[in-house]
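J.: Here you go, this is query32.cif (mmCIF, C-alpha atoms and all ligand atoms).
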data_model
loop_
_atom_site.label_atom_id
_atom_site.label_comp_id
_atom_site.auth_asym_id
_atom_site.auth_seq_id
_atom_site.Cartn_x
_atom_site.Cartn_y
_atom_site.Cartn_z
CA MET N 1 -5.24 -16.13 -33.63
CA THR N 2 -7.19 -17.39 -30.59
CA THR N 3 -9.01 -20.70 -30.75
CA ALA N 4 -11.57 -22.17 -28.31
CA ALA N 5 -8.90 -24.52 -26.94
CA ASP N 6 -6.44 -21.73 -26.34
CA PRO N 7 -5.83 -21.30 -22.58
CA ASN N 8 -5.43 -17.56 -23.12
CA ALA N 9 -8.85 -17.19 -24.76
CA PRO N 10 -10.60 -15.69 -21.68
CA LEU N 11 -7.78 -13.16 -21.30
CA MET N 12 -8.05 -12.31 -24.97
CA ARG N 13 -11.81 -11.84 -24.77
CA ARG N 14 -11.37 -9.58 -21.76
CA ALA N 15 -8.66 -7.60 -23.53
CA MET N 16 -10.90 -7.23 -26.62
CA ARG N 17 -13.79 -6.00 -24.46
CA LEU N 18 -11.52 -3.44 -22.83
CA LEU N 19 -10.21 -2.34 -26.22
CA ARG N 20 -13.73 -1.88 -27.60
CA ARG N 21 -14.67 0.50 -24.76
CA PRO N 22 -14.99 4.14 -25.82
CA PHE N 23 -11.93 6.23 -25.09
CA ARG N 24 -12.89 8.59 -22.29
CA GLY N 25 -10.01 11.01 -22.68
CA ARG N 26 -7.38 12.03 -20.20
CA ARG N 27 -8.59 13.15 -16.78
CA PRO N 28 -7.28 16.59 -15.76
CA GLU N 29 -4.86 16.44 -12.83
CA GLY N 30 -6.49 16.44 -9.40
CA THR N 31 -10.06 15.71 -10.48
CA ALA N 32 -12.08 12.71 -9.39
CA PRO N 33 -12.80 9.99 -11.96
CA ALA N 34 -16.06 10.53 -13.82
CA PRO N 35 -18.89 8.44 -12.34
CA THR N 36 -19.66 5.47 -14.55
CA SER N 37 -22.84 3.44 -14.85
CA GLU N 38 -20.81 0.36 -15.76
CA PRO N 39 -20.50 -2.13 -12.90
CA PHE N 40 -16.98 -2.96 -11.75
CA VAL N 41 -17.22 -6.62 -12.57
CA GLU N 42 -14.24 -7.35 -14.81
CA PRO N 43 -13.17 -10.82 -13.65
CA PHE N 44 -9.60 -11.49 -12.63
CA VAL N 45 -8.58 -14.26 -15.00
CA PHE N 46 -6.12 -16.93 -13.90
CA THR N 47 -3.84 -18.67 -16.35
CA ARG N 48 -4.38 -22.42 -16.35
CA LEU N 49 -2.32 -24.50 -13.95
CA ALA N 50 0.48 -26.64 -15.31
CA PRO N 51 -0.91 -30.13 -16.07
CA ASN N 52 1.36 -31.82 -13.50
CA VAL N 53 -0.15 -29.61 -10.77
CA ALA N 54 -3.73 -29.66 -12.08
CA CYS N 55 -3.92 -33.46 -12.22
CA ARG N 56 -2.75 -33.74 -8.59
CA LEU N 57 -5.57 -31.42 -7.51
CA ASP N 58 -8.09 -33.76 -9.18
CA GLU N 59 -6.68 -36.99 -7.78
CA ILE N 60 -8.36 -37.04 -4.34
CA PRO N 61 -12.17 -37.38 -4.39
CA SER N 62 -13.40 -34.13 -2.85
CA GLU N 63 -16.62 -32.37 -1.93
CA THR N 64 -15.27 -29.15 -3.44
CA THR N 65 -15.25 -28.07 -7.08
CA ARG N 66 -12.21 -28.16 -9.32
CA GLY N 67 -12.41 -24.36 -9.57
CA GLU N 68 -12.28 -24.03 -5.79
CA ARG N 69 -9.22 -26.30 -5.49
CA HIS N 70 -7.42 -24.50 -8.33
CA TYR N 71 -8.18 -21.20 -6.62
CA LEU N 72 -6.81 -22.51 -3.30
CA TYR N 73 -3.60 -23.57 -5.01
CA ARG N 74 -3.26 -20.13 -6.65
CA HIS N 75 -4.10 -18.33 -3.44
CA PHE N 76 -1.46 -20.13 -1.39
CA SER N 77 1.24 -20.29 -4.07
CA SER N 78 0.89 -16.66 -5.13
CA PHE N 79 -1.02 -14.46 -2.66
CA TRP N 80 -0.27 -15.96 0.76
CA SER N 81 2.37 -14.02 2.73
CA GLY N 82 4.37 -17.17 3.53
CA ALA N 83 5.00 -15.79 6.99
CA TYR N 84 2.58 -17.68 9.25
CA ASP N 85 0.98 -21.10 9.65
CA VAL N 86 -2.32 -21.65 7.85
CA VAL N 87 -5.39 -23.15 9.58
CA GLU N 88 -7.97 -25.42 7.92
CA ILE N 89 -11.05 -26.94 9.51
CA GLY N 90 -12.82 -29.80 7.71
CA PRO N 91 -10.31 -31.35 5.28
CA PHE N 92 -12.18 -34.70 4.97
CA LEU N 93 -9.77 -36.74 2.78
CA GLY N 94 -7.68 -33.68 2.04
CA GLY N 95 -8.65 -32.55 -1.46
CA THR N 96 -8.50 -28.98 -0.23
CA SER N 97 -5.53 -29.70 2.09
CA ARG N 98 -3.50 -30.85 -0.92
CA ALA N 99 -4.37 -27.71 -2.89
CA ILE N 100 -3.38 -25.49 0.05
CA ALA N 101 -0.24 -27.38 1.11
CA LEU N 102 1.06 -27.77 -2.46
CA GLY N 103 0.45 -24.07 -2.99
CA MET N 104 2.38 -23.28 0.20
CA LEU N 105 5.26 -25.51 -0.94
CA HIS N 106 5.43 -23.70 -4.29
CA ASN N 107 5.27 -20.21 -2.76
CA PRO N 108 8.74 -18.62 -2.94
CA ARG N 109 7.88 -16.49 0.11
CA ARG N 110 7.16 -19.48 2.34
CA ARG N 111 9.13 -19.14 5.54
CA SER N 112 10.80 -22.44 6.40
CA GLY N 113 8.79 -24.46 8.91
CA THR N 114 5.41 -22.84 8.25
CA VAL N 115 2.68 -25.47 8.02
CA LEU N 116 -1.00 -26.05 7.33
CA ARG N 117 -2.64 -27.12 10.59
CA THR N 118 -5.76 -28.99 9.61
CA PHE N 119 -8.48 -29.99 12.10
CA ASP N 120 -11.29 -32.50 11.68
CA ARG N 121 -13.19 -35.01 13.75
CA PHE N 122 -11.89 -37.58 11.21
CA ARG N 123 -14.89 -39.85 11.95
CA ASP N 124 -18.71 -39.97 11.83
CA TYR N 125 -18.91 -38.40 8.38
CA PHE N 126 -19.48 -41.15 5.79
CA ASP N 127 -20.24 -44.76 6.75
CA VAL N 128 -17.68 -47.37 5.65
CA PRO N 129 -19.42 -48.48 2.38
CA ARG N 130 -19.96 -44.86 1.31
CA LEU N 131 -16.37 -43.97 2.18
CA ALA N 132 -15.09 -46.95 0.17
CA SER N 133 -17.22 -46.08 -2.84
CA PHE N 134 -16.20 -42.39 -2.62
CA LEU N 135 -12.58 -43.52 -2.68
CA ALA N 136 -13.12 -46.11 -5.44
CA PRO N 137 -11.04 -44.09 -7.97
CA MET N 138 -8.04 -44.13 -5.61
CA ILE N 139 -8.49 -47.87 -4.98
CA ALA N 140 -8.70 -48.45 -8.75
CA SER N 141 -5.50 -46.47 -9.32
CA GLY N 142 -3.68 -48.41 -6.56
CA ALA N 143 -3.14 -45.30 -4.41
CA LEU N 144 -5.19 -47.05 -1.67
CA SER N 145 -6.07 -50.71 -1.20
CA ALA N 146 -9.43 -52.29 -0.34
CA GLU N 147 -7.81 -53.62 2.87
CA ASP N 148 -7.49 -50.03 4.07
CA PHE N 149 -11.25 -50.16 4.69
CA GLU N 150 -11.63 -53.64 6.13
CA SER N 151 -10.77 -52.89 9.74
CA LEU N 152 -12.66 -49.60 10.02
CA GLY N 153 -15.27 -49.64 12.80
CA ASP N 154 -18.78 -48.21 12.84
CA ARG N 155 -17.71 -44.59 13.10
CA ALA N 156 -15.55 -44.95 9.96
CA PRO N 157 -12.48 -43.05 11.24
CA PHE N 158 -10.48 -41.72 8.32
CA LEU N 159 -7.33 -40.15 9.80
CA ASP N 160 -5.24 -43.21 8.82
CA ILE N 161 -6.58 -43.02 5.26
CA PHE N 162 -5.81 -39.28 5.24
CA ARG N 163 -2.24 -40.07 6.29
CA ARG N 164 -1.90 -42.82 3.67
CA ILE N 165 -2.92 -40.32 0.98
CA HIS N 166 -0.62 -37.49 2.07
CA ASP N 167 2.37 -38.81 4.03
CA SER N 168 4.43 -39.78 0.98
CA GLN N 169 3.84 -36.51 -0.89
CA ASP N 170 6.40 -33.74 -1.39
CA TYR N 171 4.20 -31.30 0.58
CA ALA N 172 3.88 -33.65 3.61
CA GLU N 173 6.32 -31.43 5.54
CA CYS N 174 3.73 -28.61 5.22
CA LEU N 175 0.76 -30.61 6.53
CA VAL N 176 -0.08 -31.27 10.20
CA PRO N 177 -3.46 -33.00 10.76
CA SER N 178 -5.15 -33.10 14.18
CA ASP N 179 -8.18 -35.24 14.96
CA ASP N 180 -9.81 -32.54 17.05
CA GLY N 181 -12.92 -30.84 15.77
CA VAL N 182 -15.16 -28.20 17.27
CA PRO N 183 -18.29 -28.87 19.34
CA ASP N 184 -21.59 -28.41 17.50
CA LEU N 185 -23.54 -27.67 20.67
CA PRO N 186 -22.58 -25.62 23.75
CA GLU N 187 -23.17 -28.59 26.07
CA GLN N 188 -20.44 -30.54 24.23
CA GLU N 189 -17.72 -28.00 25.18
CA SER N 190 -17.01 -29.69 28.52
CA SER N 191 -16.77 -33.26 27.14
CA GLY N 192 -14.43 -34.71 24.54
CA HIS N 193 -11.25 -33.18 23.20
CA TRP N 194 -11.61 -30.20 20.90
CA MET N 195 -9.42 -28.11 18.67
CA THR N 196 -6.84 -25.99 20.47
CA LEU N 197 -4.08 -23.77 19.13
CA PRO N 198 -0.78 -23.27 20.97
CA ALA N 199 -0.51 -20.17 23.17
CA GLY N 200 0.74 -17.22 21.12
CA PHE N 201 -0.17 -18.93 17.82
CA VAL N 202 -0.48 -16.49 14.88
CA THR N 203 -2.09 -17.00 11.47
CA ASP N 204 -3.05 -14.86 8.49
CA SER N 205 -5.01 -17.47 6.50
CA VAL N 206 -7.98 -19.56 7.56
CA PHE N 207 -9.86 -22.04 5.36
CA ILE N 208 -13.22 -23.12 6.78
CA ASP N 209 -15.00 -26.27 5.56
CA GLY N 210 -15.90 -27.95 8.87
CA CYS N 211 -18.23 -25.36 10.46
CA LYS N 212 -21.39 -27.37 9.86
CA SER N 213 -23.53 -25.80 12.56
CA TRP N 214 -24.34 -22.44 14.13
CA TYR N 215 -22.54 -23.24 17.38
CA GLY N 216 -19.66 -24.98 15.55
CA THR N 217 -19.05 -21.69 13.72
CA LYS N 218 -19.05 -19.78 16.99
CA ALA N 219 -16.78 -22.36 18.66
CA PHE N 220 -14.28 -22.19 15.78
CA MET N 221 -14.28 -18.39 15.68
CA ARG N 222 -13.72 -18.22 19.44
CA ARG N 223 -10.67 -20.45 19.02
CA ILE N 224 -9.20 -18.55 16.07
CA ALA N 225 -10.06 -15.03 17.31
CA SER N 226 -6.86 -14.18 19.11
CA ALA N 227 -4.66 -15.90 16.48
CA ALA N 228 -5.89 -14.15 13.31
CA ILE N 229 -4.02 -10.91 12.69
CA PRO N 230 -5.48 -7.91 10.81
CA GLY N 231 -5.33 -8.58 7.08
CA SER N 232 -5.95 -12.31 7.58
CA MET N 233 -7.83 -13.99 4.76
CA PHE N 234 -10.87 -16.04 5.77
CA LEU N 235 -11.89 -18.45 3.02
CA PHE N 236 -15.35 -19.90 3.75
CA GLN N 237 -15.99 -22.94 1.53
CA ASP N 238 -19.66 -23.42 2.46
CA TYR N 239 -20.52 -19.74 2.37
CA GLY N 240 -22.65 -20.08 -0.77
CA TRP N 241 -24.10 -23.50 0.05
CA TYR N 242 -27.85 -23.18 0.58
CA THR N 243 -28.03 -24.86 4.01
CA CYS N 244 -25.20 -22.99 5.79
CA PHE N 245 -26.93 -19.74 6.76
CA TRP N 246 -24.81 -19.49 9.93
CA LEU N 247 -21.72 -18.44 7.95
CA GLY N 248 -23.42 -15.43 6.33
CA ALA N 249 -25.01 -14.59 9.68
CA PHE N 250 -21.59 -14.60 11.38
CA VAL N 251 -19.99 -12.48 8.66
CA GLN N 252 -22.84 -9.96 8.88
CA ALA N 253 -22.64 -9.84 12.69
CA PHE N 254 -18.99 -8.81 12.13
CA ARG N 255 -19.44 -6.86 8.91
CA ASP N 256 -17.28 -4.11 10.43
CA ARG N 257 -14.39 -6.64 10.44
CA PHE N 258 -14.87 -8.70 7.26
CA GLU N 259 -14.19 -7.01 3.94
CA PRO N 260 -15.51 -9.05 0.98
CA ILE N 261 -12.81 -9.90 -1.56
CA GLY N 262 -14.34 -12.36 -4.02
CA ASN N 263 -15.68 -15.83 -4.62
CA VAL N 264 -15.11 -18.97 -6.63
CA ASP N 265 -18.25 -21.13 -6.73
CA ASN N 266 -19.42 -21.53 -3.10
CA THR N 267 -16.13 -20.33 -1.59
CA TYR N 268 -16.23 -16.69 -0.50
CA VAL N 269 -13.13 -14.87 0.69
CA PHE N 270 -13.11 -12.04 3.24
CA ARG N 271 -10.25 -10.01 4.67
CA LEU N 272 -10.24 -9.46 8.41
CA GLU N 273 -9.80 -5.74 8.99
CA ARG N 274 -9.36 -5.75 12.78
CA PRO N 275 -9.02 -8.60 15.29
CA LEU N 276 -12.07 -10.45 16.58
CA THR N 277 -12.33 -10.84 20.33
CA ILE N 278 -14.05 -13.58 22.32
CA ALA N 279 -16.01 -10.96 24.29
CA GLU N 280 -17.40 -9.48 21.06
CA ILE N 281 -18.25 -12.91 19.68
CA GLU N 282 -20.19 -13.61 22.88
CA ALA N 283 -21.98 -10.27 22.63
CA ARG N 284 -22.87 -10.39 18.94
CA PHE N 285 -23.39 -14.09 18.17
CA PRO N 286 -25.63 -16.02 20.59
CA ASP N 287 -25.22 -19.78 21.10
CA SER N 288 -28.07 -20.84 18.81
CA PRO N 289 -30.33 -19.55 16.03
CA GLU N 290 -33.22 -19.79 18.52
CA GLN N 291 -31.43 -17.44 20.91
CA CYS N 292 -30.68 -15.11 18.03
CA GLY N 293 -34.37 -15.06 17.09
CA ALA N 294 -36.25 -14.74 13.80
CA THR N 295 -36.15 -10.94 13.74
CA ARG N 296 -32.39 -10.65 14.15
CA LEU N 297 -31.75 -13.58 11.79
CA SER N 298 -33.84 -11.81 9.15
CA GLU N 299 -31.99 -8.53 9.73
CA LEU N 300 -28.60 -10.23 9.34
CA LEU N 301 -29.46 -12.19 6.20
CA GLU N 302 -31.46 -9.41 4.55
CA ALA N 303 -28.38 -7.22 4.96
CA ARG N 304 -26.31 -9.90 3.17
CA ILE N 305 -28.92 -10.04 0.37
CA ALA N 306 -28.89 -6.24 0.03
CA GLU N 307 -25.11 -6.11 -0.13
CA ALA N 308 -24.90 -8.90 -2.72
CA THR N 309 -27.55 -7.10 -4.78
CA GLU N 310 -25.65 -3.84 -4.57
CA ARG N 311 -22.41 -5.38 -5.79
CA GLN N 312 -24.30 -7.24 -8.55
CA ASP N 313 -23.38 -10.64 -7.14
CA ASP N 314 -26.36 -12.66 -8.42
CA PHE N 315 -25.06 -15.92 -6.98
CA GLY N 316 -24.74 -14.40 -3.51
CA ARG N 317 -28.12 -12.65 -3.73
CA ILE N 318 -29.90 -15.91 -4.56
CA ARG N 319 -27.98 -18.06 -2.05
CA HIS N 320 -28.50 -15.56 0.78
CA THR N 321 -32.22 -15.60 -0.04
CA LEU N 322 -32.13 -19.38 0.44
CA HIS N 323 -30.20 -18.78 3.68
CA LEU N 324 -32.99 -16.56 4.93
CA ALA N 325 -35.53 -19.34 4.21
CA ALA N 326 -33.25 -21.87 5.93
CA ALA N 327 -32.85 -19.71 9.04
CA LEU N 328 -36.59 -19.10 9.33
CA ALA N 329 -37.34 -22.81 8.94
CA TYR N 330 -34.67 -23.60 11.57
CA VAL N 331 -36.46 -21.44 14.16
CA ASP N 332 -39.81 -22.96 13.16
CA ARG N 333 -41.15 -19.99 11.20
CA LYS N 334 -41.97 -22.32 8.34
CA ASP N 335 -44.74 -20.31 6.66
CA GLU N 336 -42.38 -17.36 6.38
CA ALA N 337 -39.65 -19.67 5.07
CA ARG N 338 -42.07 -20.90 2.37
CA GLU N 339 -42.88 -17.31 1.42
CA VAL N 340 -39.16 -16.54 1.04
CA LEU N 341 -38.64 -19.64 -1.10
CA ARG N 342 -41.58 -18.68 -3.31
CA SER N 343 -40.06 -15.22 -3.74
CA ALA N 344 -36.68 -16.83 -4.52
CA GLU N 345 -38.30 -18.77 -7.36
CA ARG N 346 -39.32 -15.48 -8.96
CA LEU N 347 -35.82 -13.94 -8.82
CA GLN N 348 -34.08 -13.05 -12.02
CA GLY N 349 -31.30 -15.50 -12.92
CA ILE N 350 -32.79 -18.33 -10.88
CA ASP N 351 -32.57 -21.08 -13.51
CA PRO N 352 -29.11 -22.47 -12.57
CA HIS N 353 -30.30 -22.67 -8.93
CA ARG N 354 -33.50 -24.68 -9.53
CA GLY N 355 -31.93 -27.93 -8.28
CA VAL N 356 -30.88 -26.48 -4.93
CA ILE N 357 -34.26 -24.73 -4.56
CA GLU N 358 -36.02 -28.07 -4.96
CA ALA N 359 -33.68 -29.51 -2.31
CA ALA N 360 -34.40 -26.51 -0.07
CA TRP N 361 -38.17 -27.12 -0.37
CA ARG N 362 -37.60 -30.60 1.01
CA ALA N 363 -34.97 -29.71 3.65
CA PRO N 364 -33.65 -26.13 3.71
CA THR N 365 -31.07 -26.82 6.42
CA TYR N 366 -30.08 -29.15 9.26
CA THR N 367 -29.35 -29.01 12.97
CA PRO N 368 -26.57 -30.91 14.84
CA THR N 369 -29.10 -33.67 15.46
CA GLY N 370 -31.09 -33.92 12.22
CA THR N 371 -32.66 -32.42 9.16
CA VAL N 372 -35.09 -29.48 9.10
CA THR N 373 -37.89 -30.43 6.72
CA LEU N 374 -40.24 -28.02 4.95
CA GLY N 375 -42.45 -29.03 1.98
CA ARG N 376 -44.48 -26.72 -0.26
C1 LIG T 1 -17.64 -31.18 3.21
S1 LIG T 1 -16.45 -32.07 4.09
C2 LIG T 1 -14.98 -31.24 3.68
C3 LIG T 1 -14.54 -31.44 2.25
C4 LIG T 1 -13.07 -31.28 2.04
N1 LIG T 1 -12.60 -29.95 2.34
C5 LIG T 1 -12.68 -31.73 0.66
O1 LIG T 1 -11.69 -31.23 0.12
O2 LIG T 1 -13.33 -32.62 0.12
C6 LIG T 1 -16.72 -31.56 5.73
C7 LIG T 1 -15.72 -32.02 6.75
O3 LIG T 1 -16.04 -31.34 7.96
C8 LIG T 1 -15.83 -32.24 9.02
N2 LIG T 1 -16.63 -31.79 10.18
C9 LIG T 1 -17.95 -31.79 10.34
N3 LIG T 1 -18.28 -31.30 11.54
C10 LIG T 1 -17.13 -31.00 12.16
C11 LIG T 1 -16.79 -30.47 13.45
N4 LIG T 1 -17.73 -30.19 14.33
N5 LIG T 1 -15.49 -30.27 13.74
C12 LIG T 1 -14.54 -30.56 12.84
N6 LIG T 1 -14.78 -31.07 11.61
C13 LIG T 1 -16.06 -31.28 11.29
C14 LIG T 1 -16.29 -33.58 8.48
O4 LIG T 1 -15.73 -34.64 9.24
C15 LIG T 1 -15.78 -33.51 7.04
O5 LIG T 1 -14.49 -34.04 6.95
#
For the file at hand, write its structure as structure tokens.
Ligand SMILES: C[S@@+](CC[C@H](N)C(=O)[O-])C[C@H]1O[C@@H](n2cnc3c(N)ncnc32)[C@H](O)[C@@H]1O
T.:
Amino acid sequence: MTTAADPNAPLMRRAMRLLRRPFRGRRPEGTAPAPTSEPFVEPFVFTRLAPNVACRLDEIPSETTRGERHYLYRHFSSFWSGAYDVVEIGPFLGGTSRAIALGMLHNPRRRSGTVLRTFDRFRDYFDVPRLASFLAPMIASGALSAEDFESLGDRAPFLDIFRRIHDSQDYAECLVPSDDGVPDLPEQESSGHWMTLPAGFVTDSVFIDGCKSWYGTKAFMRRIASAAIPGSMFLFQDYGWYTCFWLGAFVQAFRDRFEPIGNVDNTYVFRLERPLTIAEIEARFPDSPEQCGATRLSELLEARIAEATERQDDFGRIRHTLHLAAALAYVDRKDEAREVLRSAERLQGIDPHRGVIEAAWRAPTYTPTGTVTLGR
């Protein structure tokens, strides 16, 4: 018997649903399957993680959901090839880095010496009091001490804290942090030190949580283009977040390369079908939303909405609608942005999204220098 607390309950429910389907009979050899009106939406159900793994994925305060971290662990322990280094941008304190690196460590295919290369600015994210309060659970448990925060300067650098959290862990051999980010504006390219990958570097897995601007996305993709081989998995953490319209716009600009695979909460996964090149990125993705223009932005994001609608992805359909409003507000087409938000409020299935819609009415997105405000 299956009870509510039984970890296999979702599997059982799915199995029961499949069993209750009418038997369609055997298909004669060589004929195509009969068209069906039923959507292909059976979820792939994961078994629960062992408690000693699950509790480690919850230990580091993170800006990702538990479901996303559990998925990352599963992805890298079970689906990753094990053959090449993995790249992450935007680890913050490493909640996602732990999920990925622990998964890599537990993957029997992992080739010895393969690592997660994780890139961040490691500063200018939270101020010191906010960082300390975010990390309060780790201070309370003794994993970090209050003194770890005392000497931090104004820009609240957190690479040392990152190292304190991860260096003593069993997966530390799989984790290589670099305090190099990507520029958020083209004029920053020539100053400062930015993310670089060694010549000839190859990867087949890229986790993106630090592309917080249009140009930052372009700058990261330019750097990863020659390294990512066909079949590479691109896992975009912010893809479904209402402000980050640049990720959907980039994917749509390269829709001939990115095959959608699935999502967990805001994280959407795409498979790269053919390599990206820097020349194509230059040709298809201008340096700013303004250069792209309202018409092209609308084309790109309306195509994402249409595709999400077609595959019955309600979450994606609603979030891409918010992305369209965000993009229009960004390029100062605020009346049109308001119209899109009003239409979003009338969409079927909108109730779980009411909180983010209210936030989008106040500030649908942000630029590298500030917030884009709207108002009803
Ligand atoms: C939402 S947090 C990442 C959350 C993290 N993955 C976790 O598990 O909690 C975003 C991270 O992106 C980083 N970031 C923002 N802009 C960046 C840039 N231009 N280059 C590199 N990292 C950046 C921030 O410093 C921050 O650590």
J.: Sorted by chain and rising residue number, which residues of chain N lie within 7 Å of ligand LIG 1 (chain T), and what are their closest atom pairs and distances in Å to one decimal, counting all atoms listed in the file, as a Markdown table?
T.:
| residue | atom | partner | partner_atom | distance |
| --- | --- | --- | --- | --- |
| N:Pro61 | CA | T:LIG1 | O2 | 6.7 |
| N:Ser62 | CA | T:LIG1 | O2 | 3.3 |
| N:Glu63 | CA | T:LIG1 | O2 | 3.9 |
| N:Thr64 | CA | T:LIG1 | O2 | 5.3 |
| N:Ile89 | CA | T:LIG1 | N6 | 5.9 |
| N:Gly90 | CA | T:LIG1 | O3 | 3.6 |
| N:Pro91 | CA | T:LIG1 | N1 | 4.0 |
| N:Phe92 | CA | T:LIG1 | O5 | 3.1 |
| N:Leu93 | CA | T:LIG1 | O2 | 6.1 |
| N:Gly94 | CA | T:LIG1 | O1 | 5.1 |
| N:Gly95 | CA | T:LIG1 | O1 | 3.7 |
| N:Thr96 | CA | T:LIG1 | O1 | 3.9 |
| N:Ser97 | CA | T:LIG1 | O1 | 6.6 |
| N:Phe119 | CA | T:LIG1 | C12 | 6.1 |
| N:Asp120 | CA | T:LIG1 | N6 | 3.8 |
| N:Arg121 | CA | T:LIG1 | C12 | 4.7 |
| N:Phe122 | CA | T:LIG1 | O4 | 5.2 |
| N:Arg123 | CA | T:LIG1 | O4 | 5.9 |
| N:Asp124 | CA | T:LIG1 | O4 | 6.6 |
| N:Tyr125 | CA | T:LIG1 | O4 | 5.0 |
| N:Asp180 | CA | T:LIG1 | C12 | 6.6 |
| N:Gly181 | CA | T:LIG1 | N5 | 3.3 |
| N:Val182 | CA | T:LIG1 | N5 | 4.1 |
| N:Pro183 | CA | T:LIG1 | N4 | 5.2 |
| N:Asp184 | CA | T:LIG1 | N4 | 5.3 |
| N:Asp209 | CA | T:LIG1 | C2 | 5.3 |
| N:Gly210 | CA | T:LIG1 | O3 | 3.5 |
| N:Cys211 | CA | T:LIG1 | C10 | 6.0 |
| N:Lys212 | CA | T:LIG1 | N3 | 5.3 |
| N:Gly216 | CA | T:LIG1 | N4 | 5.7 |
J.: Excluding same-chain residues fewer than 2 positions from Phe254 (chain N), what lies within 10 Å of it counting all atoms listed in the file, as a list in words?
T.: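 My reading of the contact set: Gly248, Ala249, Phe250, Val251, Gln252, Asp256, Arg257, Phe258, Glu259, Leu272, Leu276, Glu280, Ile281, Arg284 and Phe285 of chain N.
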J.: Kindly give the distance, in Å, that separates CA of His106 (chain N) and CA of Glu273 (chain N), rounded to a single decimal.
T.: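 CA of Glu273 (chain N) lies at a distance of 27.0 Å from CA of His106 (chain N).
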J.: So which residues touch Glu150 (chain N) within 12 Å, counting only C-alpha atoms, skipping near sequence neighbours fewer than 5 positions away, as JSON, numbers by chain?
T.: {"N": [128, 129, 131, 132, 145, 156, 157, 161]}
J.: Which region 190-283 of chain N residues have any atom within 12 Å of an atom of region 358-375 of chain N, and for each, what is the nearest pair of atoms with distance in Å to one decimal, counting only C-alpha atoms, rows sorted by chain and number, as a Markdown table?
T.:
| residue | atom | partner | partner_atom | distance |
| --- | --- | --- | --- | --- |
| N:Cys211 | CA | N:Pro368 | CA | 10.9 |
| N:Lys212 | CA | N:Pro368 | CA | 8.0 |
| N:Ser213 | CA | N:Pro368 | CA | 6.4 |
| N:Trp214 | CA | N:Thr367 | CA | 8.3 |
| N:Tyr215 | CA | N:Pro368 | CA | 9.0 |
| N:Gly216 | CA | N:Pro368 | CA | 9.1 |
| N:Thr217 | CA | N:Pro368 | CA | 12.0 |
| N:Trp241 | CA | N:Thr365 | CA | 10.0 |
| N:Tyr242 | CA | N:Pro364 | CA | 7.2 |
| N:Thr243 | CA | N:Thr365 | CA | 4.3 |
| N:Cys244 | CA | N:Thr365 | CA | 7.0 |
| N:Phe245 | CA | N:Thr365 | CA | 8.2 |
| N:Trp246 | CA | N:Thr365 | CA | 10.3 |
J.: What is the CA of Gly349 (chain N) to CA of Gly67 (chain N) distance in Å?
T.: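 For CA of Gly349 (chain N) relative to CA of Gly67 (chain N), the distance reads 21.1 Å.
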J.: Kindly indicate which residue among N:Glu282, N:Gly355, N:Asn266, N:Ser151 lies nearest to Arg319 (chain N), using all atoms listed in the file for the distances.
T.: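 Once distances to Arg319 (chain N) are computed over all atoms listed in the file, the minimum belongs to N:Asn266.
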J.: Looking at N:Val340, N:Ala99, N:Leu300, N:Leu135, which one is nearest to His70 (chain N), with distances taken over all atoms listed in the file?
T.: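 Ranked by minimum distance to His70 (chain N), first place goes to N:Ala99.
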J.: Of the candidates N:Ile278, N:Ile261, N:Gly293, N:Met195, which one gets nearest to Arg311 (chain N) if we count all atoms listed in the file?
T.: N:Ile261
J.: Please provide the set of residues having any atom within 12 Å of Arg333 (chain N), restricted to all atoms listed in the file, with same-chain residues fewer than 2 positions apart removed, written as an mmCIF file with C-alpha atoms, keeping the file's coordinate frame.
T.:
data_model
loop_
_atom_site.group_PDB
_atom_site.id
_atom_site.type_symbol
_atom_site.label_atom_id
_atom_site.label_comp_id
_atom_site.auth_asym_id
_atom_site.auth_seq_id
_atom_site.Cartn_x
_atom_site.Cartn_y
_atom_site.Cartn_z
ATOM 1 C CA PRO N 289 -30.330 -19.550 16.030
ATOM 2 C CA GLU N 290 -33.220 -19.790 18.520
ATOM 3 C CA GLY N 293 -34.370 -15.060 17.090
ATOM 4 C CA ALA N 294 -36.250 -14.740 13.800
ATOM 5 C CA THR N 295 -36.150 -10.940 13.740
ATOM 6 C CA LEU N 297 -31.750 -13.580 11.790
ATOM 7 C CA SER N 298 -33.840 -11.810 9.150
ATOM 8 C CA LEU N 324 -32.990 -16.560 4.930
ATOM 9 C CA ALA N 325 -35.530 -19.340 4.210
ATOM 10 C CA ALA N 326 -33.250 -21.870 5.930
ATOM 11 C CA ALA N 327 -32.850 -19.710 9.040
ATOM 12 C CA LEU N 328 -36.590 -19.100 9.330
ATOM 13 C CA ALA N 329 -37.340 -22.810 8.940
ATOM 14 C CA TYR N 330 -34.670 -23.600 11.570
ATOM 15 C CA VAL N 331 -36.460 -21.440 14.160
ATOM 16 C CA ASP N 335 -44.740 -20.310 6.660
ATOM 17 C CA GLU N 336 -42.380 -17.360 6.380
ATOM 18 C CA ALA N 337 -39.650 -19.670 5.070
ATOM 19 C CA ARG N 338 -42.070 -20.900 2.370
ATOM 20 C CA GLU N 339 -42.880 -17.310 1.420
ATOM 21 C CA VAL N 340 -39.160 -16.540 1.040
ATOM 22 C CA VAL N 372 -35.090 -29.480 9.100
ATOM 23 C CA THR N 373 -37.890 -30.430 6.720
ATOM 24 C CA LEU N 374 -40.240 -28.020 4.950
#
J.: Measuring between only C-alpha atoms, which one of N:Asp154, N:Glu187, N:Asp265, N:Glu173 shows the shortest distance to Tyr71 (chain N)?
T.: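 Among the listed residues, N:Asp265 lies closest to Tyr71 (chain N).
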